[in-house]
Structures are given as C-alpha cells and as structure tokens.
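Data block below; observations after.
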Amino acid sequence: MTSKHITPVGVGLIGAGAIGAFHGETLARRLPDARLAAVADPAPGAAERLAAAVGGARATTDPTELIADPTVEAVVIAAPARFHADLVEAAAGAGKAVFCEKPMAITLADADRAIAAARTAGVPLQVGFNRRFDRSFRAAHELIAKGGIGTPQLIRSLTRDPGLADPSRVPPWTIFLETLIHDFDALRYLNPGAEAVDVYAVADALVRPDWKDRGLLDTAVVTVHFDNGAIATAEANFQAVYGYDIRGEVFGSAGMVTAGDIRRTNMTFYGAEGVVSDAWQRNVDLFHDAYVAQLADFVECVRAGATPTPTGEDARAALAIALAAIRSVETGRPVRLDQVEKPADR
Ligand SMILES: NC(=O)c1ccc[n+]([C@@H]2O[C@H](COP(=O)([O-])OP(=O)(O)OC[C@H]3O[C@@H](n4cnc5c(N)ncnc54)[C@H](O)[C@@H]3O)[C@@H](O)[C@H]2O)c1
C-alpha cells in the first residue's frame, strides 16, 4: 500500500503566530499525509483565525485541551521559546509525537527534561533546525560527510535578518538563543560527528545603539573550536538592508564547499545603472521548501515509527554553545562547553 492510501496523521499546532501560521498552512494544505486537527493559542481569536483560514481544524485557547484531544497524534510547537520545554514534556507525556520549534529549551536542565520526557514515552521528538532541510545545506553536509572536502578546518555560518522593526519585542540574549542557535546547529551539521569544545563571543548593539542599555544585542560574532580541530565562526546582524541572508561555508584539507544564496533566482538584470539580482526578504520565502520538507519528514517518521532528526540532543548541543556564548559576552573571556554544564548554567 502506498502512503497516499493511509489515513493522514492528525496534527495539533500550538502557537498560531508568525511561524505557526506557516506550519498550520503546511499541515492543512501542503502535506497530503498530514491533517491539521486542532490549533491552540492563548491569545484571544488567534487560533480561530488560523483555523478558519485553513479550514477543518478545531480551535482552542488551551494547549492542554489540544494535547488531550484523541484525534491529535502529533503536536507541532510554535509557541514562544520560554514555553517550549513544558509543552514538549506535556505532549510527550500524553504519548504524542512532538515537533518543537527552536530553541527547544532555554536552559540545559529544561532541555534534559524535554529529552527525557520523549524518551520515557517512546515518542519521536524533532526540532525545527530547518537549514538541515535546505537543499544546498544538505548537499554540503552530505559532501563533507563522505570526505569530499577532506578534513574540515575553517567553518562559517551567518544569519543576517532583513529588519529590526521593534526592539521592544526582542528579549535579552535573543541573538544567541533564537537567531544564532540556527548557526550553532549549522556548524555542527557541517562538521559531522564533531562537538564544540570552547566558545568566544563578541556582541554589541550596532543597529540600535539606543537600545543597548535595555539589553538589546543586534550584532554578534562567535568563535567555536571543535574537538576535531576545526575553527568555526558564526555571525549575526538583525538589519541587512539588502534582504534575508543565510550562508554557510566549510574549508577543508581537500577543498571548500559553500551553501546558501540570497538571490531569489539566477535571473540577473544588466541595465544602465548596473547589474541587479532580486534578494529574498522573508524567512518563509527563502526557506519555504525547507520548512515544508522538515514537517514532511516529521510526519513520515511518525507514520513509520522512525526516529527523526534533528533530535532533542541536537537541540541541547546547540543550546550549550548559545549559553557558552552568552557567558563569554558576560565575562569577556572564552568559555569551555563543560563550564556551562554546571547546574547554574547561566
Ligand atoms: N525555524 C525558524 O526559522 C523560525 C522562524 C520563526 C520563529 N521560530 C521560532 O518559533 C517560535 C515562535 O516564533 P514566532 O515568530 O511565530 O512568534 P510569534 O510571537 O509570532 O507567535 C507566537 C504565538 O504563540 C502564542 N503563545 C503565547 N504563549 C503561548 C503558550 N503558552 N502556548 C501556546 N501558544 C502561545 C502567541 O499568542 C503567538 O500567537 C519561537 O521559538 C521562534 O524562535 C523559528
């Protein structure tokens, strides 16, 4: 029997904000093997609006009610980061497969709790590091994994967001916990099997210096030393005037590979004022296919009883680098990963 003859997996979505709306549309319309069964969001009207827009899903303001819904086999968590670990624990505890947006947790103790809940329940747990599902990042990873560039020596990953609209909506340390966490995972993905040993970070408010005294950091560079010797940098800035720019590069003993391209297409306009390409402006455009592919993979793993990746352990490893980067900014010194493993990890 082919998968299209099997009943679609009933999925409940928790969080109907920016990325939740995209995931809700994906589950309702873009994946034949999934069915958006329910949406939960405590903001009055948010779940109803999304459910009405995509059609066919139940709406509630109570995530607990969604988790208890017997038609919900799997849960996609797109609530704000500080709620993630509790929601993973609750969903896994109810026997539901879990896809959780990044970061899966904001302390290592919470990450451990989420991982343990999924393991104890025996349910799949996947984390939203969508770059792993981008074609060029995946092709780079596969090439590196089969030795195509020899031994990785220099690795870089960068995120430049197109605009910092409202600094009051950016909690302290967001640049590490929510933005660069993608790059920390990308560095691990592009250096397969290696783990970070120490981290040194420099950060500032260069886009909005007037917000620095309220804890905003909008520009950062992080150096990460890996246990296979590779030296990596991750960098981020919240305001690239030209668009949404995500790239990776690995230089090794036998060559170099790059991934990511800001150009929307390979159409280039040559005119009197110069040469122009269109750039991506939104994450849901640049990563449209990757966002869909990661949920397709999750649904397929739920159906097949397979273990999805990236895992809760991948989320924890990226979080540990983010916490080390934060401590490095606080102290002005390099921080070993084992230093953030201590109980008071912040
Ligand atoms: N992978 C990616 O590229 C990507 C992109 C964007 C956002 N994200 C992540 O997704 C998460 C959500 O980001 P966003 O930009 O959609 O935020 P958002 O603020 O636009 O939406 C969050 C939604 O969650 C709701 N919410 C608040 N508390 C809740 C709770 N306890 N339970 C359920 N819902 C609750 C809010 O009412 C809101 O509708 C963040 O962790 C963010 O880092 C990931």
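All residue names refer to the structure tokens as shown: chains lettered A, B, ... in order, residues numbered from 1 in each chain, ligands numbered from 1 in order.
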Quick one: everything within 7 Å of range 259-268 of chain A, counting only C-alpha atoms, minus sequence neighbours fewer than 5 positions away in the same chain. Send it as JSON, numbers by chain. {"A": [136, 137, 140, 244, 245, 246, 247, 248, 249, 275, 276, 277, 278, 279, 280]}
Selection from above, N, CA and C atoms, as a PDB file, in the first residue's frame, can you write it?
ATOM      1  N   SER A 136      20.736  23.106  -0.379  1.00  0.00           N
ATOM      2  CA  SER A 136      22.169  23.368  -0.513  1.00  0.00           C
ATOM      3  C   SER A 136      22.917  23.015   0.778  1.00  0.00           C
ATOM      4  N   PHE A 137      22.314  23.300   1.935  1.00  0.00           N
ATOM      5  CA  PHE A 137      22.971  22.916   3.195  1.00  0.00           C
ATOM      6  C   PHE A 137      23.069  21.391   3.294  1.00  0.00           C
ATOM      7  N   ALA A 140      25.766  20.109   0.996  1.00  0.00           N
ATOM      8  CA  ALA A 140      27.083  20.392   1.575  1.00  0.00           C
ATOM      9  C   ALA A 140      27.398  19.382   2.676  1.00  0.00           C
ATOM     10  N   TYR A 244      17.316  38.928   3.253  1.00  0.00           N
ATOM     11  CA  TYR A 244      17.451  37.858   4.244  1.00  0.00           C
ATOM     12  C   TYR A 244      18.585  36.947   3.791  1.00  0.00           C
ATOM     13  N   ASP A 245      19.696  36.998   4.534  1.00  0.00           N
ATOM     14  CA  ASP A 245      20.958  36.445   4.049  1.00  0.00           C
ATOM     15  C   ASP A 245      21.444  35.349   4.990  1.00  0.00           C
ATOM     16  N   ILE A 246      21.404  34.108   4.517  1.00  0.00           N
ATOM     17  CA  ILE A 246      21.817  32.958   5.327  1.00  0.00           C
ATOM     18  C   ILE A 246      22.824  32.168   4.498  1.00  0.00           C
ATOM     19  N   ARG A 247      24.017  31.993   5.018  1.00  0.00           N
ATOM     20  CA  ARG A 247      25.023  31.251   4.250  1.00  0.00           C
ATOM     21  C   ARG A 247      25.904  30.402   5.149  1.00  0.00           C
ATOM     22  N   GLY A 248      26.494  29.387   4.564  1.00  0.00           N
ATOM     23  CA  GLY A 248      27.460  28.559   5.280  1.00  0.00           C
ATOM     24  C   GLY A 248      28.639  28.257   4.371  1.00  0.00           C
ATOM     25  N   GLU A 249      29.763  27.967   4.973  1.00  0.00           N
ATOM     26  CA  GLU A 249      30.963  27.667   4.178  1.00  0.00           C
ATOM     27  C   GLU A 249      31.880  26.767   4.995  1.00  0.00           C
ATOM     28  N   VAL A 275      24.200  46.053 -12.484  1.00  0.00           N
ATOM     29  CA  VAL A 275      23.759  44.667 -12.575  1.00  0.00           C
ATOM     30  C   VAL A 275      22.981  44.332 -11.310  1.00  0.00           C
ATOM     31  N   VAL A 276      21.770  43.805 -11.473  1.00  0.00           N
ATOM     32  CA  VAL A 276      20.881  43.649 -10.313  1.00  0.00           C
ATOM     33  C   VAL A 276      20.298  42.240 -10.247  1.00  0.00           C
ATOM     34  N   SER A 277      20.275  41.674  -9.030  1.00  0.00           N
ATOM     35  CA  SER A 277      19.535  40.433  -8.760  1.00  0.00           C
ATOM     36  C   SER A 277      18.533  40.724  -7.658  1.00  0.00           C
ATOM     37  N   ASP A 278      17.394  40.043  -7.672  1.00  0.00           N
ATOM     38  CA  ASP A 278      16.422  40.180  -6.579  1.00  0.00           C
ATOM     39  C   ASP A 278      16.873  39.356  -5.384  1.00  0.00           C
ATOM     40  N   ALA A 279      16.641  39.890  -4.171  1.00  0.00           N
ATOM     41  CA  ALA A 279      17.014  39.163  -2.951  1.00  0.00           C
ATOM     42  C   ALA A 279      15.762  38.683  -2.225  1.00  0.00           C
ATOM     43  N   TRP A 280      15.911  37.611  -1.432  1.00  0.00           N
ATOM     44  CA  TRP A 280      14.827  37.179  -0.560  1.00  0.00           C
ATOM     45  C   TRP A 280      14.675  38.180   0.579  1.00  0.00           C
TER      46      TRP A 280
END
At a cut-off of 7 Å, using only C-alpha atoms, what residues contact Leu217 in chain A? Leave out same-chain residues fewer than 3 positions from it and give the result as a PyMOL selection string. chain A and resi 173+175+203-205+212
For the selection just defined, write its residues with N, CA and C atoms to a file, as a compact mmCIF listing (two decimals), in the first residue's frame.
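Result went into selection18.txt, see below:
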# COMPACT_ATOMS: atom_id res chain seq x y z
N TRP A 173 19.39 38.54 24.95
CA TRP A 173 20.07 37.30 24.52
C TRP A 173 19.38 36.59 23.36
N ILE A 175 19.64 37.12 20.29
CA ILE A 175 20.56 36.89 19.17
C ILE A 175 21.28 35.53 19.30
N ALA A 203 29.64 40.80 21.15
CA ALA A 203 28.32 41.25 20.68
C ALA A 203 28.11 42.71 21.04
N ASP A 204 27.26 43.38 20.27
CA ASP A 204 27.01 44.80 20.51
C ASP A 204 25.65 45.18 19.91
N ALA A 205 25.22 46.39 20.21
CA ALA A 205 24.02 46.94 19.57
C ALA A 205 24.48 47.99 18.58
N LYS A 212 20.83 49.51 23.65
CA LYS A 212 21.84 48.64 24.28
C LYS A 212 21.66 48.58 25.80
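Residues of protein or nucleic acid lying within 6 Å of ligand 1, counting only C-alpha atoms and all ligand atoms, are Ile14, Gly15, Ala16, Gly17, Ala18, Ile19, Gly20, Asp41, Pro42, Ala43, Pro63, Ala78, Ala79, Pro80, Ala81, Phe83, Glu101, Lys102, Pro103, Gly128, Phe129, Asn130 and Glu178 of chain A.
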Go ahead and dump the residues you just picked, all heavy atoms, as a compact mmCIF listing (two decimals), in the first residue's frame.
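The resulting file, part.txt, is shown below:
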# COMPACT_ATOMS: atom_id res chain seq x y z
N ILE A 14 0.42 24.12 18.30
CA ILE A 14 0.38 25.00 19.47
C ILE A 14 1.16 26.27 19.16
O ILE A 14 2.38 26.23 18.96
CB ILE A 14 0.98 24.30 20.71
CG1 ILE A 14 0.18 23.03 21.02
CG2 ILE A 14 0.99 25.23 21.90
CD1 ILE A 14 0.69 22.27 22.24
N GLY A 15 0.46 27.39 19.09
CA GLY A 15 1.09 28.67 18.72
C GLY A 15 0.72 29.03 17.29
O GLY A 15 1.13 28.35 16.35
N ALA A 16 -0.08 30.08 17.13
CA ALA A 16 -0.57 30.47 15.80
C ALA A 16 -0.02 31.84 15.41
O ALA A 16 -0.71 32.65 14.82
CB ALA A 16 -2.10 30.48 15.79
N GLY A 17 1.26 32.09 15.75
CA GLY A 17 1.88 33.37 15.39
C GLY A 17 2.51 33.29 14.01
O GLY A 17 2.01 32.60 13.12
N ALA A 18 3.65 33.97 13.84
CA ALA A 18 4.26 34.09 12.52
C ALA A 18 4.62 32.72 11.93
O ALA A 18 4.14 32.35 10.86
CB ALA A 18 5.49 34.98 12.62
N ILE A 19 5.45 31.96 12.64
CA ILE A 19 5.88 30.68 12.06
C ILE A 19 4.78 29.63 12.23
O ILE A 19 4.63 28.74 11.39
CB ILE A 19 7.23 30.20 12.64
CG1 ILE A 19 7.89 29.18 11.72
CG2 ILE A 19 7.09 29.65 14.05
CD1 ILE A 19 8.38 29.72 10.40
N GLY A 20 3.98 29.74 13.30
CA GLY A 20 2.86 28.81 13.50
C GLY A 20 1.88 28.89 12.34
O GLY A 20 1.35 27.85 11.89
N ASP A 41 -3.93 28.47 20.86
CA ASP A 41 -3.15 29.69 21.11
C ASP A 41 -3.92 30.49 22.16
O ASP A 41 -5.11 30.77 21.98
CB ASP A 41 -3.00 30.51 19.81
CG ASP A 41 -1.94 31.60 19.94
OD1 ASP A 41 -2.04 32.43 20.89
OD2 ASP A 41 -1.02 31.64 19.11
N PRO A 42 -3.26 30.86 23.27
CA PRO A 42 -3.97 31.58 24.33
C PRO A 42 -4.42 32.98 23.95
O PRO A 42 -5.30 33.55 24.60
CB PRO A 42 -2.96 31.62 25.48
CG PRO A 42 -1.65 31.26 24.91
CD PRO A 42 -1.88 30.53 23.64
N ALA A 43 -3.82 33.57 22.91
CA ALA A 43 -4.24 34.93 22.50
C ALA A 43 -5.66 34.86 21.93
O ALA A 43 -5.90 34.09 20.99
CB ALA A 43 -3.28 35.49 21.48
N PRO A 63 -3.70 24.97 25.26
CA PRO A 63 -2.84 23.91 24.72
C PRO A 63 -3.08 22.55 25.39
O PRO A 63 -2.93 21.50 24.75
CB PRO A 63 -1.43 24.42 24.99
CG PRO A 63 -1.55 25.89 25.12
CD PRO A 63 -2.91 26.15 25.70
N ALA A 78 4.89 25.83 18.25
CA ALA A 78 5.41 27.09 17.68
C ALA A 78 5.04 28.25 18.59
O ALA A 78 4.79 29.37 18.14
CB ALA A 78 4.85 27.29 16.27
N ALA A 79 5.00 27.97 19.89
CA ALA A 79 4.78 29.00 20.92
C ALA A 79 6.11 29.72 21.17
O ALA A 79 7.16 29.29 20.68
CB ALA A 79 4.28 28.32 22.19
N PRO A 80 6.10 30.80 21.95
CA PRO A 80 7.38 31.44 22.31
C PRO A 80 8.32 30.48 23.05
O PRO A 80 7.87 29.57 23.76
CB PRO A 80 6.94 32.60 23.21
CG PRO A 80 5.54 32.92 22.77
CD PRO A 80 4.94 31.58 22.43
N ALA A 81 9.61 30.72 22.90
CA ALA A 81 10.63 29.78 23.35
C ALA A 81 10.50 29.39 24.82
O ALA A 81 10.73 28.23 25.18
CB ALA A 81 12.01 30.39 23.09
N PHE A 83 8.17 28.69 26.62
CA PHE A 83 7.16 27.67 26.93
C PHE A 83 7.51 26.30 26.35
O PHE A 83 6.81 25.31 26.61
CB PHE A 83 5.79 28.09 26.38
CG PHE A 83 5.30 29.40 26.93
CD1 PHE A 83 5.17 30.51 26.10
CD2 PHE A 83 4.99 29.54 28.28
CE1 PHE A 83 4.73 31.73 26.61
CE2 PHE A 83 4.55 30.76 28.79
CZ PHE A 83 4.42 31.86 27.94
N GLU A 101 9.63 23.88 17.63
CA GLU A 101 10.46 24.94 17.04
C GLU A 101 11.69 25.17 17.92
O GLU A 101 11.70 24.85 19.10
CB GLU A 101 9.63 26.24 16.93
CG GLU A 101 9.04 26.47 15.55
CD GLU A 101 10.11 26.48 14.44
OE1 GLU A 101 11.30 26.60 14.72
OE2 GLU A 101 9.72 26.34 13.28
N LYS A 102 12.70 25.76 17.31
CA LYS A 102 13.89 26.13 18.07
C LYS A 102 13.62 27.39 18.87
O LYS A 102 12.77 28.16 18.46
CB LYS A 102 15.11 26.30 17.16
CG LYS A 102 14.92 27.07 15.85
CD LYS A 102 14.34 28.44 15.77
CE LYS A 102 14.97 29.58 16.47
NZ LYS A 102 14.44 30.92 16.03
N PRO A 103 14.30 27.65 19.97
CA PRO A 103 15.11 26.67 20.70
C PRO A 103 14.17 25.73 21.48
O PRO A 103 13.13 26.17 21.96
CB PRO A 103 15.90 27.55 21.67
CG PRO A 103 15.01 28.74 21.92
CD PRO A 103 14.25 28.96 20.65
N GLY A 128 13.12 22.17 15.16
CA GLY A 128 12.99 22.95 13.93
C GLY A 128 14.24 23.64 13.42
O GLY A 128 14.19 24.84 13.12
N PHE A 129 15.32 22.89 13.27
CA PHE A 129 16.51 23.45 12.62
C PHE A 129 16.35 23.23 11.12
O PHE A 129 16.92 22.28 10.54
CB PHE A 129 17.78 22.78 13.16
CG PHE A 129 18.12 23.17 14.58
CD1 PHE A 129 18.46 22.20 15.52
CD2 PHE A 129 18.12 24.50 14.98
CE1 PHE A 129 18.79 22.54 16.81
CE2 PHE A 129 18.45 24.86 16.29
CZ PHE A 129 18.77 23.88 17.20
N ASN A 130 15.61 24.14 10.49
CA ASN A 130 15.19 23.93 9.11
C ASN A 130 16.33 23.97 8.10
O ASN A 130 16.20 23.46 7.00
CB ASN A 130 14.13 24.97 8.72
CG ASN A 130 14.57 26.37 9.07
OD1 ASN A 130 14.55 26.76 10.23
ND2 ASN A 130 15.01 27.12 8.07
N GLU A 178 17.89 32.50 19.96
CA GLU A 178 16.87 32.26 18.92
C GLU A 178 17.39 32.45 17.50
O GLU A 178 16.82 31.89 16.57
CB GLU A 178 15.65 33.16 19.16
CG GLU A 178 15.08 32.94 20.54
CD GLU A 178 13.58 33.11 20.63
OE1 GLU A 178 12.87 32.86 19.65
OE2 GLU A 178 13.13 33.49 21.73
Spatial neighbours of Ala322 in chain A, max dist 8 Å, only C-alpha atoms, sep filter under 6 positions, as a ChimeraX atom specification: /A:176-177,180-181,184
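Once range 286-295 of chain A and its same-chain neighbours fewer than 4 positions away are set aside, Thr26, Asn130, Arg131, Phe133, Asp134, Trp280, Arg282 and Val299 of chain A remain within 7 Å of it when counting only C-alpha atoms.
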Would you write out those residues with all heavy atoms, as an mmCIF file, in the first residue's frame?
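Saved to part-v8.cif:
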data_model
loop_
_atom_site.group_PDB
_atom_site.id
_atom_site.type_symbol
_atom_site.label_atom_id
_atom_site.label_comp_id
_atom_site.auth_asym_id
_atom_site.auth_seq_id
_atom_site.Cartn_x
_atom_site.Cartn_y
_atom_site.Cartn_z
ATOM 1 N N THR A 26 0.981 24.561 6.128
ATOM 2 C CA THR A 26 1.686 23.379 5.607
ATOM 3 C C THR A 26 0.939 22.102 5.988
ATOM 4 O O THR A 26 0.703 21.223 5.143
ATOM 5 C CB THR A 26 3.128 23.340 6.168
ATOM 6 O OG1 THR A 26 3.805 24.504 5.701
ATOM 7 C CG2 THR A 26 3.874 22.097 5.721
ATOM 8 N N ASN A 130 15.606 24.137 10.493
ATOM 9 C CA ASN A 130 15.187 23.932 9.112
ATOM 10 C C ASN A 130 16.329 23.970 8.097
ATOM 11 O O ASN A 130 16.201 23.457 6.996
ATOM 12 C CB ASN A 130 14.126 24.974 8.723
ATOM 13 C CG ASN A 130 14.570 26.369 9.065
ATOM 14 O OD1 ASN A 130 14.550 26.763 10.232
ATOM 15 N ND2 ASN A 130 15.014 27.122 8.072
ATOM 16 N N ARG A 131 17.488 24.586 8.483
ATOM 17 C CA ARG A 131 18.572 24.647 7.492
ATOM 18 C C ARG A 131 19.019 23.247 7.075
ATOM 19 O O ARG A 131 19.524 23.051 5.980
ATOM 20 C CB ARG A 131 19.771 25.441 8.041
ATOM 21 C CG ARG A 131 19.438 26.900 8.145
ATOM 22 C CD ARG A 131 20.565 27.758 8.646
ATOM 23 N NE ARG A 131 19.969 28.969 9.194
ATOM 24 C CZ ARG A 131 20.618 29.971 9.720
ATOM 25 N NH1 ARG A 131 21.931 29.936 9.789
ATOM 26 N NH2 ARG A 131 19.972 31.019 10.196
ATOM 27 N N PHE A 133 17.205 20.995 6.210
ATOM 28 C CA PHE A 133 16.319 20.532 5.146
ATOM 29 C C PHE A 133 16.407 21.420 3.901
ATOM 30 O O PHE A 133 15.682 21.217 2.934
ATOM 31 C CB PHE A 133 14.861 20.446 5.650
ATOM 32 C CG PHE A 133 14.692 19.367 6.667
ATOM 33 C CD1 PHE A 133 14.953 19.604 8.007
ATOM 34 C CD2 PHE A 133 14.331 18.080 6.277
ATOM 35 C CE1 PHE A 133 14.837 18.598 8.956
ATOM 36 C CE2 PHE A 133 14.207 17.064 7.211
ATOM 37 C CZ PHE A 133 14.468 17.325 8.557
ATOM 38 N N ASP A 134 17.290 22.416 3.952
ATOM 39 C CA ASP A 134 17.555 23.241 2.774
ATOM 40 C C ASP A 134 18.441 22.427 1.827
ATOM 41 O O ASP A 134 19.430 21.829 2.261
ATOM 42 C CB ASP A 134 18.255 24.531 3.216
ATOM 43 C CG ASP A 134 18.683 25.363 2.030
ATOM 44 O OD1 ASP A 134 17.846 26.131 1.533
ATOM 45 O OD2 ASP A 134 19.851 25.235 1.597
ATOM 46 N N TRP A 280 15.911 37.611 -1.432
ATOM 47 C CA TRP A 280 14.827 37.179 -0.560
ATOM 48 C C TRP A 280 14.675 38.180 0.579
ATOM 49 O O TRP A 280 15.664 38.693 1.097
ATOM 50 C CB TRP A 280 15.127 35.799 0.034
ATOM 51 C CG TRP A 280 15.157 34.709 -0.973
ATOM 52 C CD1 TRP A 280 16.257 34.027 -1.397
ATOM 53 C CD2 TRP A 280 14.044 34.151 -1.666
ATOM 54 N NE1 TRP A 280 15.895 33.082 -2.316
ATOM 55 C CE2 TRP A 280 14.545 33.134 -2.499
ATOM 56 C CE3 TRP A 280 12.670 34.403 -1.676
ATOM 57 C CZ2 TRP A 280 13.732 32.374 -3.339
ATOM 58 C CZ3 TRP A 280 11.865 33.646 -2.500
ATOM 59 C CH2 TRP A 280 12.379 32.653 -3.315
ATOM 60 N N ARG A 282 12.055 37.464 3.171
ATOM 61 C CA ARG A 282 11.355 36.841 4.304
ATOM 62 C C ARG A 282 11.836 35.403 4.480
ATOM 63 O O ARG A 282 12.048 34.685 3.492
ATOM 64 C CB ARG A 282 9.840 36.818 4.059
ATOM 65 C CG ARG A 282 9.223 38.181 3.798
ATOM 66 C CD ARG A 282 7.716 38.091 3.813
ATOM 67 N NE ARG A 282 7.221 36.971 3.005
ATOM 68 C CZ ARG A 282 5.997 36.445 3.121
ATOM 69 N NH1 ARG A 282 5.154 36.917 4.000
ATOM 70 N NH2 ARG A 282 5.624 35.441 2.344
ATOM 71 N N VAL A 299 6.287 14.009 9.775
ATOM 72 C CA VAL A 299 5.046 13.228 9.609
ATOM 73 C C VAL A 299 5.389 11.812 9.135
ATOM 74 O O VAL A 299 4.812 10.814 9.600
ATOM 75 C CB VAL A 299 4.094 13.955 8.621
ATOM 76 C CG1 VAL A 299 2.968 13.050 8.166
ATOM 77 C CG2 VAL A 299 3.552 15.233 9.271
#
Which of range 117-209 of chain A fall in helix (DSSP H, G or I), as a PyMOL selection string: chain A and resi 117-121+130-133+135-145+167-169+174-189+209
Within 6 Å of Asp227 in chain A, counting only C-alpha atoms, which residues qualify if same-chain residues fewer than 2 places away don't, as a compact mmCIF listing (two decimals) with all heavy atoms, in the first residue's frame?
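Output (out_35.txt):
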# COMPACT_ATOMS: atom_id res chain seq x y z
N ALA A 194 31.51 16.02 14.96
CA ALA A 194 32.38 16.80 15.86
C ALA A 194 31.52 17.56 16.87
O ALA A 194 30.37 17.87 16.61
CB ALA A 194 33.23 17.77 15.05
N GLU A 195 32.14 17.88 18.01
CA GLU A 195 31.42 18.66 19.04
C GLU A 195 32.25 19.87 19.44
O GLU A 195 33.48 19.84 19.41
CB GLU A 195 31.12 17.80 20.27
CG GLU A 195 30.10 16.69 20.03
CD GLU A 195 28.71 17.18 19.59
OE1 GLU A 195 28.42 18.39 19.73
OE2 GLU A 195 27.92 16.35 19.10
N VAL A 197 34.11 22.58 21.69
CA VAL A 197 34.92 22.47 22.91
C VAL A 197 34.93 23.79 23.67
O VAL A 197 34.72 23.83 24.87
CB VAL A 197 36.38 22.07 22.57
CG1 VAL A 197 37.22 22.01 23.84
CG2 VAL A 197 36.41 20.75 21.84
N GLY A 229 39.40 19.76 15.75
CA GLY A 229 40.38 20.78 15.41
C GLY A 229 39.82 21.93 14.60
O GLY A 229 40.45 22.99 14.51
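Neighbours of range 234-238 of chain A closer than or equal to 8 Å, with only C-alpha atoms counted and sequence neighbours fewer than 6 positions away skipped, come out as Arg156, Ser157, Leu158, Thr159, Arg160, Asp161, Pro162, Gly163, Leu164, Ile175, Thr179, Leu180, Asp183, Phe184, Leu187, Val207, Asp218, Thr219, Ala220, Val221, Val222, Thr223 and Val224 of chain A.
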